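Reading through the C-alpha cells given below for one structure.
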Amino acid sequence: MNNNTPPDNVVKKLDEVFGYIGTRAYLSIAEQLDMLWHDIDEGKLDKNGEWYKAIKKVKDDNPKPENIKELKEELDELIRLENA
C-alpha cells in the first residue's frame, strides 16, 4: 500500500493490542505524588495505600488483553503481509 493510511484489518488489530491503554485514565502526576506522600507519611507504602488502590482500580477496570503476545504476533504478521 502506497498511502499512509493503514488498512482496516491492521487498525482493528492495533486496537485489540493497544486499545486498553487509551481507556486507562490515571490521576495526574501531581495527584499521584500527593497520594504517595500521604501513603509514605502514614506508613502505607504497600497494597493498603491509597495510591496503590487507585492505580489498581484503573488497571482492573481496563485490563491488558491476556493474550497480548499472540495479538502482537498477529499484528506483526498483518503488517508483514501488507508490506510484502
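In the C-alpha cells, the first chain shown is A, the next is B, and so on; residue numbers restart at 1 for each chain, and ligands run from 1 in the order shown.
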Closest atom pairs, residues of segment 16-76 of chain A within 10 Å of segment 3-12 of chain A, only C-alpha atoms, as CSV:
```
residue,atom,partner,partner_atom,distance
A:Glu16,CA,A:Lys12,CA,6.4
A:Val17,CA,A:Lys12,CA,8.8
A:Gly19,CA,A:Lys12,CA,9.5
A:Glu74,CA,A:Val10,CA,9.5
A:Leu75,CA,A:Val10,CA,6.7
A:Asp76,CA,A:Val10,CA,9.2
```
Residues just named, written with C-alpha atoms as a short mmCIF file (atom, residue, chain, number, x, y, z; two decimals), in the first residue's frame:
```
data_model
loop_
_atom_site.label_atom_id
_atom_site.label_comp_id
_atom_site.auth_asym_id
_atom_site.auth_seq_id
_atom_site.Cartn_x
_atom_site.Cartn_y
_atom_site.Cartn_z
CA GLU A 16 -7.07 -5.13 20.01
CA VAL A 17 -3.43 -4.96 21.05
CA GLY A 19 -6.76 -0.16 22.84
CA GLU A 74 -0.83 -11.45 14.62
CA LEU A 75 -0.29 -7.71 14.17
CA ASP A 76 3.30 -8.25 13.06
#
```
What parts of chain A does DSSP call helix (DSSP H, G or I)? I'd like the answer as a PyMOL selection string. chain A and resi 8-23+29-41+50-61+68-83
Would you save the residues of that selection, restricted to C-alpha atoms, as an mmCIF file, in the first residue's frame?
```cif
data_model
loop_
_atom_site.group_PDB
_atom_site.id
_atom_site.type_symbol
_atom_site.label_atom_id
_atom_site.label_comp_id
_atom_site.auth_asym_id
_atom_site.auth_seq_id
_atom_site.Cartn_x
_atom_site.Cartn_y
_atom_site.Cartn_z
ATOM 1 C CA ASP A 8 -8.712 -1.578 8.260
ATOM 2 C CA ASN A 9 -7.561 -5.032 9.391
ATOM 3 C CA VAL A 10 -4.315 -3.552 10.742
ATOM 4 C CA VAL A 11 -6.176 -0.720 12.503
ATOM 5 C CA LYS A 12 -8.563 -3.246 14.092
ATOM 6 C CA LYS A 13 -5.661 -5.406 15.290
ATOM 7 C CA LEU A 14 -3.844 -2.336 16.665
ATOM 8 C CA ASP A 15 -6.954 -1.545 18.695
ATOM 9 C CA GLU A 16 -7.070 -5.126 20.009
ATOM 10 C CA VAL A 17 -3.428 -4.960 21.048
ATOM 11 C CA PHE A 18 -3.173 -1.415 22.405
ATOM 12 C CA GLY A 19 -6.758 -0.159 22.844
ATOM 13 C CA TYR A 20 -6.777 -0.734 26.605
ATOM 14 C CA ILE A 21 -4.044 1.883 27.016
ATOM 15 C CA GLY A 22 -6.293 4.672 25.772
ATOM 16 C CA THR A 23 -9.041 3.760 28.228
ATOM 17 C CA ILE A 29 1.202 13.114 38.317
ATOM 18 C CA ALA A 30 0.693 15.837 40.932
ATOM 19 C CA GLU A 31 -2.265 13.961 42.445
ATOM 20 C CA GLN A 32 -0.340 10.687 42.402
ATOM 21 C CA LEU A 33 2.678 12.260 44.107
ATOM 22 C CA ASP A 34 0.431 13.752 46.779
ATOM 23 C CA MET A 35 -1.172 10.340 47.366
ATOM 24 C CA LEU A 36 2.272 8.736 47.587
ATOM 25 C CA TRP A 37 3.456 11.356 50.068
ATOM 26 C CA HIS A 38 0.445 10.720 52.317
ATOM 27 C CA ASP A 39 0.838 6.945 51.991
ATOM 28 C CA ILE A 40 4.518 7.196 52.998
ATOM 29 C CA ASP A 41 3.690 9.566 55.846
ATOM 30 C CA GLU A 50 -4.454 4.962 48.504
ATOM 31 C CA TRP A 51 -2.064 5.339 45.557
ATOM 32 C CA TYR A 52 -1.837 1.586 45.024
ATOM 33 C CA LYS A 53 -5.618 1.173 45.290
ATOM 34 C CA ALA A 54 -6.264 3.991 42.802
ATOM 35 C CA ILE A 55 -3.815 2.612 40.219
ATOM 36 C CA LYS A 56 -5.052 -0.957 40.731
ATOM 37 C CA LYS A 57 -8.652 0.138 40.102
ATOM 38 C CA VAL A 58 -7.710 1.769 36.780
ATOM 39 C CA LYS A 59 -5.807 -1.354 35.708
ATOM 40 C CA ASP A 60 -8.596 -3.696 36.869
ATOM 41 C CA ASP A 61 -11.256 -1.633 35.093
ATOM 42 C CA ILE A 68 -1.161 -9.835 24.285
ATOM 43 C CA LYS A 69 1.807 -11.819 22.944
ATOM 44 C CA GLU A 70 -0.346 -13.645 20.401
ATOM 45 C CA LEU A 71 -2.117 -10.443 19.389
ATOM 46 C CA LYS A 72 1.224 -8.711 18.787
ATOM 47 C CA GLU A 73 2.383 -11.662 16.679
ATOM 48 C CA GLU A 74 -0.829 -11.449 14.618
ATOM 49 C CA LEU A 75 -0.288 -7.711 14.173
ATOM 50 C CA ASP A 76 3.302 -8.254 13.062
ATOM 51 C CA GLU A 77 2.112 -10.823 10.507
ATOM 52 C CA LEU A 78 -0.592 -8.482 9.147
ATOM 53 C CA ILE A 79 1.982 -5.712 8.741
ATOM 54 C CA ARG A 80 4.447 -8.109 7.108
ATOM 55 C CA LEU A 81 1.780 -9.221 4.624
ATOM 56 C CA GLU A 82 0.848 -5.616 3.847
ATOM 57 C CA ASN A 83 4.467 -4.760 3.143
#
```
Between atom CA of Pro65 of chain A and atom CA of Ser28 of chain A lies a distance of 24.5 Å
